[in-house]
$ cat protein08.tsv   # TSV, C-alpha atoms
chain	number	residue	atom	x	y	z
W	246	MET	CA	26.36	6.63	-12.07
W	247	LEU	CA	26.16	10.29	-11.16
W	248	ARG	CA	29.35	12.18	-10.27
W	249	ASP	CA	30.32	15.76	-9.56
W	250	ILE	CA	26.85	17.23	-9.81
W	251	SER	CA	26.29	20.41	-7.91
W	252	PHE	CA	23.66	23.07	-8.41
W	253	SER	CA	21.34	25.24	-6.42
W	254	LEU	CA	17.98	26.67	-7.36
W	255	SER	CA	16.00	29.39	-5.72
W	256	LEU	CA	12.27	29.93	-5.82
W	257	PRO	CA	11.07	30.53	-8.55
W	258	SER	CA	13.17	28.81	-11.19
W	259	SER	CA	13.06	26.11	-13.80
W	260	LEU	CA	15.74	23.62	-14.75
W	261	ALA	CA	15.94	21.08	-17.56
W	262	ILE	CA	18.08	17.99	-17.02
W	263	THR	CA	19.05	16.54	-20.36
W	264	GLY	CA	21.32	13.72	-21.44
W	265	PRO	CA	21.32	10.44	-23.34
W	266	ASN	CA	19.47	7.34	-22.12
W	267	GLY	CA	21.14	5.89	-19.02
W	268	SER	CA	22.93	9.11	-18.13
W	269	GLY	CA	21.12	9.32	-14.77
W	270	LYS	CA	18.35	11.88	-15.35
W	271	THR	CA	15.71	9.77	-13.60
W	272	THR	CA	18.14	8.79	-10.83
W	273	LEU	CA	18.90	12.45	-10.15
W	274	LEU	CA	15.20	13.30	-9.95
W	275	GLU	CA	14.57	10.34	-7.65
W	276	ILE	CA	17.40	11.43	-5.38
W	277	ILE	CA	15.93	14.94	-5.19
W	278	ALA	CA	12.49	13.44	-4.47
W	279	GLY	CA	13.95	11.26	-1.68
W	280	ILE	CA	13.04	8.00	-3.43
W	281	GLN	CA	16.69	7.02	-3.79
W	282	ARG	CA	19.54	7.88	-1.45
W	283	PRO	CA	22.81	9.17	-2.84
W	284	THR	CA	25.84	7.03	-1.97
W	285	LYS	CA	27.74	10.29	-1.43
W	286	GLY	CA	26.71	13.89	-1.16
W	287	THR	CA	23.55	15.61	-0.03
W	288	VAL	CA	20.47	17.25	-1.42
W	289	ARG	CA	18.99	20.08	0.55
W	290	LEU	CA	15.45	21.26	-0.03
W	291	PHE	CA	14.61	24.30	2.04
W	292	ARG	CA	17.50	23.37	4.40
W	293	ASP	CA	16.09	19.88	4.80
W	294	ASP	CA	18.70	17.15	4.30
W	295	THR	CA	17.47	14.43	1.98
W	296	GLU	CA	19.57	11.83	3.77
W	297	LEU	CA	17.18	12.13	6.67
W	298	ARG	CA	14.10	12.82	4.59
W	299	ARG	CA	11.61	10.31	3.24
W	300	PRO	CA	9.86	10.58	-0.12
W	301	TRP	CA	6.63	11.57	1.54
W	302	HIS	CA	6.49	15.28	2.14
W	303	HIS	CA	4.55	18.28	0.98
W	304	GLU	CA	7.40	19.97	-0.90
W	305	THR	CA	7.45	17.96	-4.10
W	306	GLY	CA	5.06	16.77	-6.77
W	307	TYR	CA	6.47	13.95	-8.88
W	308	VAL	CA	5.51	12.74	-12.34
W	309	SER	CA	7.35	9.77	-13.79
W	310	PRO	CA	6.82	6.91	-16.23
W	311	ARG	CA	7.84	4.63	-13.34
W	312	LEU	CA	4.81	5.71	-11.34
W	313	ARG	CA	2.01	3.14	-11.56
W	314	LEU	CA	-1.59	3.83	-10.58
W	315	TYR	CA	-4.38	1.55	-9.35
W	316	ASP	CA	-6.29	0.01	-12.27
W	317	GLU	CA	-9.30	-0.84	-10.06
W	318	LEU	CA	-9.94	2.77	-9.04
W	319	THR	CA	-11.52	5.66	-10.90
W	320	ALA	CA	-9.80	9.01	-11.42
W	321	GLN	CA	-12.21	10.58	-8.95
W	322	GLU	CA	-11.39	7.97	-6.27
W	323	LEU	CA	-7.66	8.33	-6.84
W	324	ILE	CA	-7.85	12.12	-6.56
W	325	GLU	CA	-9.85	11.77	-3.33
W	326	PHE	CA	-7.29	9.30	-2.00
W	327	THR	CA	-4.36	11.56	-2.90
W	328	CYS	CA	-6.01	14.59	-1.32
W	329	ALA	CA	-6.77	12.67	1.88
W	330	SER	CA	-3.23	11.24	1.96
W	331	ARG	CA	-1.63	14.63	1.45
W	332	SER	CA	-4.15	16.46	3.66
W	333	THR	CA	-5.08	18.64	0.69
W	334	LEU	CA	-8.50	20.14	0.03
W	335	ARG	CA	-10.33	18.59	-2.92
W	336	ASN	CA	-11.88	21.88	-4.00
W	337	ARG	CA	-9.57	22.26	-7.02
W	338	ALA	CA	-10.18	18.72	-8.31
W	339	ASP	CA	-12.85	19.80	-10.82
W	340	GLU	CA	-10.64	22.59	-12.10
W	341	PHE	CA	-7.68	20.24	-12.66
W	342	LEU	CA	-9.86	17.57	-14.28
W	343	ALA	CA	-11.24	20.18	-16.67
W	344	MET	CA	-7.77	21.61	-17.34
W	345	PHE	CA	-6.46	18.19	-18.42
W	346	GLY	CA	-9.64	17.16	-20.24
W	347	LEU	CA	-10.60	14.33	-17.91
W	348	THR	CA	-13.91	15.66	-16.56
W	349	GLY	CA	-15.91	13.21	-18.65
W	350	HIS	CA	-13.67	10.32	-17.63
W	351	ARG	CA	-13.58	10.90	-13.89
W	352	LYS	CA	-15.77	7.89	-13.07
W	353	LYS	CA	-14.05	5.52	-15.46
W	354	MET	CA	-11.78	2.77	-14.06
W	355	LEU	CA	-8.12	3.40	-14.74
W	356	SER	CA	-7.89	0.00	-16.42
W	357	ARG	CA	-9.91	1.59	-19.23
W	358	TYR	CA	-7.63	4.62	-19.50
W	359	SER	CA	-5.21	4.99	-22.39
W	360	SER	CA	-1.56	5.66	-21.53
W	361	GLY	CA	-2.06	9.32	-22.46
W	362	MET	CA	-5.06	9.68	-20.14
W	363	ALA	CA	-3.10	7.99	-17.34
W	364	GLN	CA	-0.26	10.48	-17.91
W	365	ARG	CA	-2.70	13.38	-17.65
W	366	LEU	CA	-4.02	11.92	-14.38
W	367	LYS	CA	-0.45	11.55	-13.03
W	368	CYS	CA	0.04	15.27	-13.70
W	369	ILE	CA	-3.19	16.12	-11.85
W	370	LEU	CA	-2.17	13.96	-8.86
W	371	ALA	CA	1.25	15.66	-8.70
W	372	PHE	CA	-0.11	19.19	-9.08
W	373	ILE	CA	-3.29	19.09	-6.99
W	374	SER	CA	-1.58	19.57	-3.63
W	375	GLU	CA	0.25	22.59	-5.12
W	376	PRO	CA	3.75	21.66	-3.93
W	377	PRO	CA	6.48	24.31	-4.33
W	378	ILE	CA	8.79	21.91	-6.22
W	379	LEU	CA	7.67	20.00	-9.30
W	380	LEU	CA	9.85	17.10	-10.42
W	381	LEU	CA	8.81	15.98	-13.87
W	382	ASP	CA	10.42	12.99	-15.55
W	383	GLU	CA	9.56	13.07	-19.26
W	384	PRO	CA	6.21	14.71	-18.51
W	385	GLY	CA	5.17	14.86	-22.14
W	386	SER	CA	5.55	11.13	-22.75
W	387	ASN	CA	2.33	9.57	-24.08
W	388	LEU	CA	0.64	12.97	-24.18
W	389	ASP	CA	-0.99	14.13	-27.38
W	390	ARG	CA	-0.81	17.74	-28.56
W	391	GLU	CA	-3.77	18.81	-26.39
W	392	GLY	CA	-2.32	17.08	-23.35
W	393	LYS	CA	1.04	18.82	-23.83
W	394	GLU	CA	-0.68	22.16	-24.29
W	395	ALA	CA	-2.61	21.65	-21.04
W	396	LEU	CA	0.58	20.65	-19.23
W	397	PHE	CA	2.58	23.66	-20.40
W	398	ARG	CA	-0.33	26.02	-19.84
W	399	TYR	CA	-0.39	24.89	-16.21
W	400	LEU	CA	3.41	25.02	-15.83
W	401	GLU	CA	3.46	28.52	-17.37
W	402	SER	CA	0.80	29.65	-14.89
W	403	VAL	CA	2.84	28.52	-11.88
W	404	ARG	CA	6.42	29.11	-13.05
W	405	SER	CA	6.62	32.43	-11.18
W	406	GLU	CA	5.98	30.70	-7.85
W	407	ARG	CA	7.53	27.22	-8.15
W	408	ILE	CA	10.75	25.38	-8.76
W	409	ILE	CA	10.24	23.21	-11.82
W	410	ILE	CA	12.77	20.51	-12.72
W	411	ILE	CA	12.19	18.55	-15.91
W	412	ALA	CA	14.23	15.52	-16.98
W	413	THR	CA	13.81	15.26	-20.69
W	414	ASN	CA	15.26	14.88	-24.14
W	415	GLU	CA	12.40	16.74	-25.78
W	416	LYS	CA	13.47	20.14	-27.11
W	417	GLU	CA	10.08	21.72	-26.34
W	418	GLU	CA	10.26	20.66	-22.68
W	419	ALA	CA	13.90	21.69	-22.29
W	420	ASP	CA	13.28	25.06	-23.95
W	421	PHE	CA	10.52	25.78	-21.43
W	422	CYS	CA	13.09	25.88	-18.63
W	423	GLY	CA	15.26	28.87	-17.84
W	424	GLU	CA	18.33	26.81	-16.95
W	425	ARG	CA	19.74	23.55	-18.24
W	426	ILE	CA	22.28	20.93	-17.13
W	427	SER	CA	23.41	18.10	-19.32
W	428	LEU	CA	24.44	14.71	-17.94
W	429	GLY	CA	26.72	12.17	-19.53
F	80	MET	CA	-3.28	11.10	10.06
F	81	VAL	CA	-6.64	9.49	10.88
F	82	LYS	CA	-8.12	10.72	7.57
F	83	THR	CA	-5.11	9.32	5.71
F	84	ILE	CA	-5.49	5.92	7.38
F	85	ILE	CA	-9.22	5.80	6.62
F	86	ALA	CA	-8.52	6.77	3.00
F	87	HIS	CA	-6.02	3.91	2.72
F	88	ILE	CA	-8.41	1.35	4.23
F	89	LYS	CA	-11.22	2.50	1.92
F	90	LYS	CA	-8.91	2.26	-1.08
F	91	ASP	CA	-7.72	-1.26	-0.17
F	92	PHE	CA	-11.26	-2.56	0.44
F	93	ARG	CA	-12.45	-0.98	-2.84
F	94	ILE	CA	-9.67	-2.77	-4.71
F	95	GLU	CA	-10.39	-6.04	-2.89
F	96	PHE	CA	-14.13	-5.91	-3.56
F	97	ARG	CA	-13.52	-5.12	-7.22
F	98	ASN	CA	-11.16	-8.03	-7.87
F	99	ARG	CA	-12.03	-10.23	-4.82
F	100	TYR	CA	-8.63	-11.88	-4.99
F	101	ALA	CA	-7.79	-12.42	-1.31
F	102	VAL	CA	-11.33	-13.30	-0.21
F	103	SER	CA	-11.89	-15.72	-3.10
F	104	VAL	CA	-8.56	-17.52	-2.74
F	105	SER	CA	-8.70	-17.73	1.05
F	106	PHE	CA	-12.33	-18.76	1.33
F	107	SER	CA	-12.01	-21.31	-1.49
F	108	PHE	CA	-9.07	-22.87	0.33
F	109	ALA	CA	-10.91	-22.95	3.69
F	110	PHE	CA	-14.13	-24.31	2.19
F	111	THR	CA	-12.40	-27.03	0.15
F	112	THR	CA	-10.24	-28.15	3.06
F	113	THR	CA	-13.15	-28.29	5.50
F	114	LEU	CA	-15.28	-30.21	3.01
F	115	ALA	CA	-12.45	-32.64	2.24
F	116	ILE	CA	-11.76	-33.33	5.93
F	117	SER	CA	-15.46	-33.71	6.68
F	118	LEU	CA	-15.90	-36.23	3.82
F	119	ALA	CA	-12.69	-38.09	4.72
F	120	ALA	CA	-13.70	-38.33	8.39
F	121	GLY	CA	-17.01	-39.88	7.35
F	122	GLY	CA	-18.80	-39.09	10.60
F	123	ILE	CA	-16.02	-40.27	12.92
F	124	PRO	CA	-16.18	-37.99	15.99
F	125	PHE	CA	-13.01	-36.01	16.69
F	126	SER	CA	-11.80	-34.99	20.14
F	127	PRO	CA	-11.95	-31.27	21.02
F	128	GLN	CA	-8.13	-31.16	20.74
F	129	THR	CA	-8.24	-32.56	17.18
F	130	HIS	CA	-10.97	-30.11	16.18
F	131	ALA	CA	-8.94	-27.21	17.56
F	132	VAL	CA	-5.85	-28.32	15.62
F	133	ILE	CA	-7.77	-28.78	12.35
F	134	LEU	CA	-9.61	-25.47	12.74
F	135	TRP	CA	-6.39	-23.52	13.38
F	136	VAL	CA	-4.46	-25.24	10.61
F	137	ILE	CA	-7.25	-24.10	8.25
F	138	MET	CA	-7.20	-20.59	9.77
F	139	PHE	CA	-3.42	-20.37	9.55
F	140	PHE	CA	-3.21	-21.36	5.89
F	141	THR	CA	-6.19	-19.16	5.06
F	142	ALA	CA	-4.25	-16.26	6.57
F	143	MET	CA	-1.14	-17.35	4.64
F	144	SER	CA	-2.97	-17.27	1.34
F	145	GLY	CA	-4.76	-13.97	1.88
F	146	LEU	CA	-2.89	-11.61	4.16
F	147	ALA	CA	0.45	-11.30	2.35
F	148	HIS	CA	-1.43	-10.01	-0.65
F	149	ILE	CA	-1.85	-6.53	0.82
F	150	PHE	CA	1.85	-5.65	0.40
F	151	VAL	CA	2.78	-8.07	-2.38
F	152	ARG	CA	0.09	-6.53	-4.62
F	153	GLU	CA	1.61	-3.05	-4.18
F	154	GLU	CA	5.10	-4.26	-5.07
F	155	ASP	CA	4.03	-6.51	-7.96
F	156	ARG	CA	1.98	-3.81	-9.62
F	157	GLY	CA	4.51	-1.08	-8.92
F	158	THR	CA	2.00	1.05	-7.00
F	159	SER	CA	4.20	1.09	-3.88
F	160	LEU	CA	6.10	4.10	-5.29
F	161	PHE	CA	2.83	6.02	-5.50
F	162	LEU	CA	2.15	5.18	-1.84
F	163	ARG	CA	5.65	6.13	-0.76
F	164	LEU	CA	5.28	9.53	-2.41
F	165	ASN	CA	1.87	10.27	-0.99
F	166	SER	CA	1.72	8.88	2.53
F	167	PRO	CA	3.90	8.63	5.61
F	168	ALA	CA	5.07	5.10	6.42
F	169	LEU	CA	3.23	5.13	9.75
F	170	ALA	CA	-0.12	5.73	8.03
F	171	VAL	CA	0.55	3.06	5.41
F	172	PHE	CA	1.41	0.44	8.02
F	173	THR	CA	-1.50	1.30	10.33
F	174	ALA	CA	-3.93	1.11	7.42
F	175	LYS	CA	-2.54	-2.19	6.14
F	176	LEU	CA	-2.59	-3.67	9.65
F	177	LEU	CA	-6.22	-2.65	10.25
F	178	TYR	CA	-7.17	-3.85	6.78
F	179	ASN	CA	-5.62	-7.27	7.44
F	180	VAL	CA	-7.28	-7.57	10.88
F	181	LEU	CA	-10.66	-6.67	9.34
F	182	LEU	CA	-10.16	-8.92	6.30
F	183	PHE	CA	-9.21	-11.88	8.49
F	184	PHE	CA	-12.19	-11.18	10.75
F	185	VAL	CA	-14.47	-11.31	7.68
F	186	LEU	CA	-12.79	-14.55	6.55
F	187	GLN	CA	-13.21	-16.06	10.03
F	188	CYS	CA	-16.89	-15.10	9.99
F	189	MET	CA	-17.20	-17.03	6.71
F	190	ILE	CA	-15.08	-20.03	7.74
F	191	LEU	CA	-16.53	-20.67	11.22
F	192	PRO	CA	-20.14	-21.43	10.17
F	193	VAL	CA	-18.82	-23.67	7.36
F	194	TYR	CA	-16.60	-25.57	9.81
F	195	LEU	CA	-19.30	-25.84	12.47
F	196	PHE	CA	-21.82	-27.09	9.91
F	197	PHE	CA	-19.68	-29.63	8.05
F	198	MET	CA	-17.84	-30.98	11.09
F	199	GLN	CA	-21.02	-30.96	13.24
F	200	LEU	CA	-19.09	-29.35	16.02
F	201	ASP	CA	-20.66	-28.92	19.45
F	202	VAL	CA	-19.20	-25.92	21.28
F	203	GLN	CA	-19.44	-26.15	25.08
F	204	SER	CA	-18.40	-22.53	25.83
F	205	PRO	CA	-19.39	-20.48	22.76
F	206	LEU	CA	-18.36	-17.15	24.24
F	207	PHE	CA	-14.82	-18.28	25.07
F	208	PHE	CA	-14.58	-20.17	21.80
F	209	LEU	CA	-15.34	-16.96	19.87
F	210	GLY	CA	-12.97	-15.02	22.15
F	211	TYR	CA	-10.07	-17.37	21.35
F	212	VAL	CA	-10.88	-17.45	17.65
F	213	PHE	CA	-11.02	-13.68	17.26
F	214	LEU	CA	-8.11	-12.84	19.58
F	215	GLY	CA	-6.07	-15.52	17.80
F	216	GLY	CA	-7.11	-13.90	14.52
F	217	ILE	CA	-5.86	-10.50	15.67
F	218	ALA	CA	-2.56	-11.98	16.86
F	219	LEU	CA	-2.07	-13.88	13.58
F	220	SER	CA	-2.96	-10.97	11.32
F	221	SER	CA	-0.78	-8.50	13.24
F	222	SER	CA	2.27	-10.77	13.02
F	223	LEU	CA	1.64	-11.66	9.37
F	224	THR	CA	1.26	-8.01	8.31
F	225	ILE	CA	4.86	-6.99	9.09
F	226	LEU	CA	6.12	-10.30	7.69
F	227	ALA	CA	4.16	-9.61	4.49
F	228	ALA	CA	5.82	-6.19	4.27
F	229	ILE	CA	9.27	-7.78	4.60
F	230	VAL	CA	8.50	-10.59	2.15
F	231	ALA	CA	7.01	-8.20	-0.43
F	232	ARG	CA	10.40	-6.49	-0.74
F	233	ALA	CA	12.22	-9.80	-1.28
F	234	GLY	CA	12.39	-12.25	-4.16
F	235	ALA	CA	10.94	-15.81	-3.99
F	236	ARG	CA	7.98	-14.51	-1.99
F	237	GLY	CA	5.81	-17.60	-2.36
F	238	ALA	CA	8.35	-19.81	-0.59
F	239	LEU	CA	9.62	-17.22	1.87
F	240	PHE	CA	6.34	-16.18	3.48
F	241	PRO	CA	5.33	-19.57	4.99
F	242	VAL	CA	8.92	-20.27	6.05
F	243	ILE	CA	9.38	-17.07	8.05
F	244	SER	CA	5.76	-16.98	9.26
F	245	LEU	CA	5.75	-20.35	10.97
F	246	PRO	CA	8.26	-19.66	13.78
F	247	VAL	CA	6.65	-16.26	14.51
F	248	SER	CA	3.13	-17.70	14.50
F	249	LEU	CA	3.97	-20.86	16.44
F	250	PRO	CA	3.49	-19.40	19.96
F	251	VAL	CA	0.12	-17.95	18.90
F	252	LEU	CA	-0.98	-21.25	17.36
F	253	TRP	CA	0.12	-23.19	20.42
F	254	VAL	CA	-1.79	-20.99	22.86
F	255	VAL	CA	-4.87	-20.56	20.72
F	256	ILE	CA	-5.16	-24.30	20.01
F	257	GLN	CA	-5.01	-25.05	23.74
F	258	GLY	CA	-7.62	-22.37	24.49
F	259	THR	CA	-9.92	-23.38	21.63
F	260	SER	CA	-9.64	-27.01	22.67
F	261	ARG	CA	-10.68	-26.16	26.25
F	262	SER	CA	-13.61	-24.04	25.08
F	263	LEU	CA	-14.83	-26.89	22.84
F	264	GLY	CA	-14.57	-29.48	25.64
F	265	ARG	CA	-16.07	-29.59	29.07
F	266	ALA	CA	-13.13	-27.83	30.72
F	267	GLY	CA	-14.45	-24.44	29.55
F	268	PHE	CA	-12.61	-21.31	30.55
F	269	SER	CA	-9.91	-21.93	33.16
F	270	SER	CA	-7.78	-18.80	33.37
F	271	PRO	CA	-7.48	-15.50	31.52
F	272	GLY	CA	-3.74	-16.17	30.98
F	273	ASP	CA	-4.13	-17.38	27.39
F	274	MET	CA	-6.20	-14.42	26.35
F	275	VAL	CA	-3.81	-12.02	28.05
F	276	PHE	CA	-0.96	-13.71	26.16
F	277	LEU	CA	-2.76	-13.24	22.83
F	278	LEU	CA	-3.39	-9.58	23.58
F	279	ALA	CA	0.19	-9.04	24.79
F	280	PHE	CA	1.57	-10.83	21.72
F	281	SER	CA	-0.51	-8.64	19.38
F	282	GLY	CA	0.58	-5.49	21.22
F	283	THR	CA	4.25	-6.42	21.26
F	284	ILE	CA	4.40	-7.48	17.62
F	285	THR	CA	2.59	-4.28	16.60
F	286	ALA	CA	5.03	-2.13	18.59
F	287	VAL	CA	8.03	-3.90	17.05
F	288	SER	CA	6.40	-3.60	13.61
F	289	TYR	CA	6.11	0.17	13.98
F	290	LEU	CA	9.82	0.38	14.81
F	291	LEU	CA	10.77	-1.83	11.86
F	292	PHE	CA	8.38	-0.71	9.16
F	293	GLU	CA	10.00	2.62	8.33
F	294	PHE	CA	13.20	0.77	7.34
F	295	VAL	CA	11.39	-2.05	5.55
F	296	TRP	CA	9.28	0.39	3.56
F	297	HIS	CA	11.92	2.89	2.51
F	298	ASP	CA	15.29	1.12	2.49
$ encode --input "protein08.tsv" --output "structure tokens"
Amino acid sequence: MLRDISFSLSLPSSLAITGPNGSGKTTLLEIIAGIQRPTKGTVRLFRDDTELRRPWHHETGYVSPRLRLYDELTAQELIEFTCASRSTLRNRADEFLAMFGLTGHRKKMLSRYSSGMAQRLKCILAFISEPPILLLDEPGSNLDREGKEALFRYLESVRSERIIIIATNEKEEADFCGERISLG
Amino acid sequence: MVKTIIAHIKKDFRIEFRNRYAVSVSFSFAFTTTLAISLAAGGIPFSPQTHAVILWVIMFFTAMSGLAHIFVREEDRGTSLFLRLNSPALAVFTAKLLYNVLLFFVLQCMILPVYLFFMQLDVQSPLFFLGYVFLGGIALSSSLTILAAIVARAGARGALFPVISLPVSLPVLWVVIQGTSRSLGRAGFSSPGDMVFLLAFSGTITAVSYLLFEFVWHD
């Protein structure tokens, strides 16, 4: 249950949402993303009321452990599908695959991916359309040291032009953000 | 929007061809049933009306076993959240509808020769027979697609889908059985009313589906 939460962020900024398990970090991110509707209150993104908004829009990129991908597709096919769905050009696909170390695995079925590789791919799918708001729910989960380095290298490169919200209990991820709110 | 819809259809066919779930289950059912009826009948000739009923019972249950899969698979595997985040509801529904119409068309193309061969069926008006079969297929798959979307969001899907599908599909089955029966017999094609009904039914159910789907998908 989330109560009495109020904050505003301007572009660019970064916010860490911390709190114990069950405190509502994921729920808050999902409400911002438009996946869940708040029972009371509103979320406004660029003056757009989330009560009327659907999860599909170009403003947010979302990474979450709840997100499941298609085991029967390859990374390449999933990137092509995401780009076509979001009307994004695919010309940065190679760059993102290289950045997250998946170039050699692009034609491998996702059923053969490890959980860390799947997490890297989720990051690519969220970032490739270059949305102004990045909503990251425990983005470092399942990532090894190299994966985390790639993630933070990318986030560092875009932090001056994006709003980045990270729900986490990891100190490294929370410390990356300029602001912090704690739930629970 | 068109690119998005094409991307969805390509993705769904890729997944289907890689695991062949819907095609295998549906065709196995249709083949086994046709073979069983053919063996049980033991060469006894059926009337055109009986053939039409048997054919459409097979078609209906083939559709039941294959077409719900398109939405149920997304919910069961948890990939529906990925779709919700990446595509507008309108594109998702259009793609799933076209996929189901195409999949059922493919299934019909596999079932019909099997039925004609095993039941030694003599079609008097082949053109109208095919017209009824394929228009009936479009009407069935368009009504079952929105029902599949509703059922996928509910519990006890296996029991719910046939129960809610039957009353919606009954008018289609009634009309298409009458039409198929006439095209198999000597009566041939009498009036375009049946075909117009099938087209109107498909159009109406699709229009209502578009109005409903946004709520079914997101709420």
$ closest_residue --input "protein08.tsv" --among "W:Leu428, W:Ala343, W:Ile276, W:Leu370" --to "Glu325 in chain W" --atoms "only C-alpha atoms"
W:Leu370
$ interface_residues --input "protein08.tsv" --of "chain F" --to "chain W" --cutoff "9 Å" --atoms "all atoms listed in the file" --output "VMD selection string"
chain F and resid 80 82 to 87 89 to 90 93 to 95 97 to 98 156 to 168 170 297 to 298
$ closest_residue --input "protein08.tsv" --among "W:Glu304, W:Glu418, W:Ser309, W:His350" --to "Ser374 in chain W" --atoms "all atoms listed in the file"
W:Glu304
$ residues_around --input "protein08.tsv" --residues "Leu134 in chain F" --least-positions-apart "5" --cutoff "12 Å" --atoms "all atoms listed in the file" --output "PyMOL selection string"
chain F and resi 109-110+112-113+116-117+125+127-129+139-141+187+190-195+197-198+200+208+211-212+215-216+252+255-257+259-260+263
$ atom_distance --input "protein08.tsv" --atom1 "CA of Gly122 in chain F" --atom2 "CA of Val202 in chain F"
17.0 Å
$ atom_distance --input "protein08.tsv" --atom1 "CA of Ile262 in chain W" --atom2 "CA of Cys368 in chain W"
18.5 Å
$ atom_distance --input "protein08.tsv" --atom1 "CA of Phe345 in chain W" --atom2 "CA of Asp389 in chain W"
11.3 Å
$ axis_aligned_box --input "protein08.tsv" --around "range 394-407 of chain W" --padding-each-side "8 Å" --output "JSON"
{"center_x": 2.5, "center_y": 26.5, "center_z": -16.1, "size_x": 26.1, "size_y": 27.8, "size_z": 32.4}
$ closest_residue --input "protein08.tsv" --among "F:Trp135, F:Tyr100, F:Phe92, F:Phe183" --to "Ser221 in chain F" --atoms "all atoms listed in the file"
F:Phe183
$ residues_around --input "protein08.tsv" --residues "His148 in chain F" --least-positions-apart "3" --cutoff "8 Å" --atoms "only C-alpha atoms" --output "PyMOL selection string"
chain F and resi 101+144-145+151-152+227
$ residues_near_point --input "protein08.tsv" --point "(26.5, 6.7, -9.0)" --cutoff "8 Å" --atoms "all atoms listed in the file" --output "PDB file with C-alpha atoms, in the frame of the given file"
ATOM      1  CA  MET W 246      26.360   6.630 -12.070  1.00  0.00           C
ATOM      2  CA  LEU W 247      26.160  10.290 -11.160  1.00  0.00           C
ATOM      3  CA  ARG W 248      29.350  12.180 -10.270  1.00  0.00           C
ATOM      4  CA  PRO W 283      22.810   9.170  -2.840  1.00  0.00           C
ATOM      5  CA  THR W 284      25.840   7.030  -1.970  1.00  0.00           C
TER       6      THR W 284
END
$ residues_around --input "protein08.tsv" --residues "range 376-388 of chain W" --least-positions-apart "3" --cutoff "10 Å" --atoms "all atoms listed in the file" --output "short mmCIF file (atom, residue, chain, number, x, y, z; two decimals) with C-alpha atoms, in the coordinates of the input"
data_model
loop_
_atom_site.label_atom_id
_atom_site.label_comp_id
_atom_site.auth_asym_id
_atom_site.auth_seq_id
_atom_site.Cartn_x
_atom_site.Cartn_y
_atom_site.Cartn_z
CA LEU W 256 12.27 29.93 -5.82
CA PRO W 257 11.07 30.53 -8.55
CA SER W 258 13.17 28.81 -11.19
CA SER W 259 13.06 26.11 -13.80
CA LEU W 260 15.74 23.62 -14.75
CA ALA W 261 15.94 21.08 -17.56
CA ILE W 262 18.08 17.99 -17.02
CA LYS W 270 18.35 11.88 -15.35
CA THR W 271 15.71 9.77 -13.60
CA THR W 272 18.14 8.79 -10.83
CA LEU W 274 15.20 13.30 -9.95
CA GLU W 275 14.57 10.34 -7.65
CA ILE W 277 15.93 14.94 -5.19
CA ALA W 278 12.49 13.44 -4.47
CA LEU W 290 15.45 21.26 -0.03
CA HIS W 302 6.49 15.28 2.14
CA HIS W 303 4.55 18.28 0.98
CA GLU W 304 7.40 19.97 -0.90
CA THR W 305 7.45 17.96 -4.10
CA GLY W 306 5.06 16.77 -6.77
CA TYR W 307 6.47 13.95 -8.88
CA VAL W 308 5.51 12.74 -12.34
CA SER W 309 7.35 9.77 -13.79
CA PRO W 310 6.82 6.91 -16.23
CA ARG W 311 7.84 4.63 -13.34
CA SER W 359 -5.21 4.99 -22.39
CA SER W 360 -1.56 5.66 -21.53
CA GLY W 361 -2.06 9.32 -22.46
CA MET W 362 -5.06 9.68 -20.14
CA ALA W 363 -3.10 7.99 -17.34
CA GLN W 364 -0.26 10.48 -17.91
CA ARG W 365 -2.70 13.38 -17.65
CA LYS W 367 -0.45 11.55 -13.03
CA CYS W 368 0.04 15.27 -13.70
CA ALA W 371 1.25 15.66 -8.70
CA PHE W 372 -0.11 19.19 -9.08
CA ILE W 373 -3.29 19.09 -6.99
CA GLU W 391 -3.77 18.81 -26.39
CA GLY W 392 -2.32 17.08 -23.35
CA LYS W 393 1.04 18.82 -23.83
CA GLU W 394 -0.68 22.16 -24.29
CA ALA W 395 -2.61 21.65 -21.04
CA LEU W 396 0.58 20.65 -19.23
CA PHE W 397 2.58 23.66 -20.40
CA LEU W 400 3.41 25.02 -15.83
CA VAL W 403 2.84 28.52 -11.88
CA ARG W 404 6.42 29.11 -13.05
CA GLU W 406 5.98 30.70 -7.85
CA ARG W 407 7.53 27.22 -8.15
CA ILE W 408 10.75 25.38 -8.76
CA ILE W 409 10.24 23.21 -11.82
CA ILE W 410 12.77 20.51 -12.72
CA ILE W 411 12.19 18.55 -15.91
CA ALA W 412 14.23 15.52 -16.98
CA THR W 413 13.81 15.26 -20.69
CA ASN W 414 15.26 14.88 -24.14
CA GLU W 415 12.40 16.74 -25.78
CA GLU W 417 10.08 21.72 -26.34
CA GLU W 418 10.26 20.66 -22.68
#
$ closest_residue --input "protein08.tsv" --among "F:Met143, F:Ala218, F:Gln203, F:Leu182" --to "Thr283 in chain F" --atoms "only C-alpha atoms"
F:Ala218
$ closest_residue --input "protein08.tsv" --among "F:Ile229, F:Val132, F:Ile88, F:Val185" --to "Val102 in chain F" --atoms "only C-alpha atoms"
F:Val185
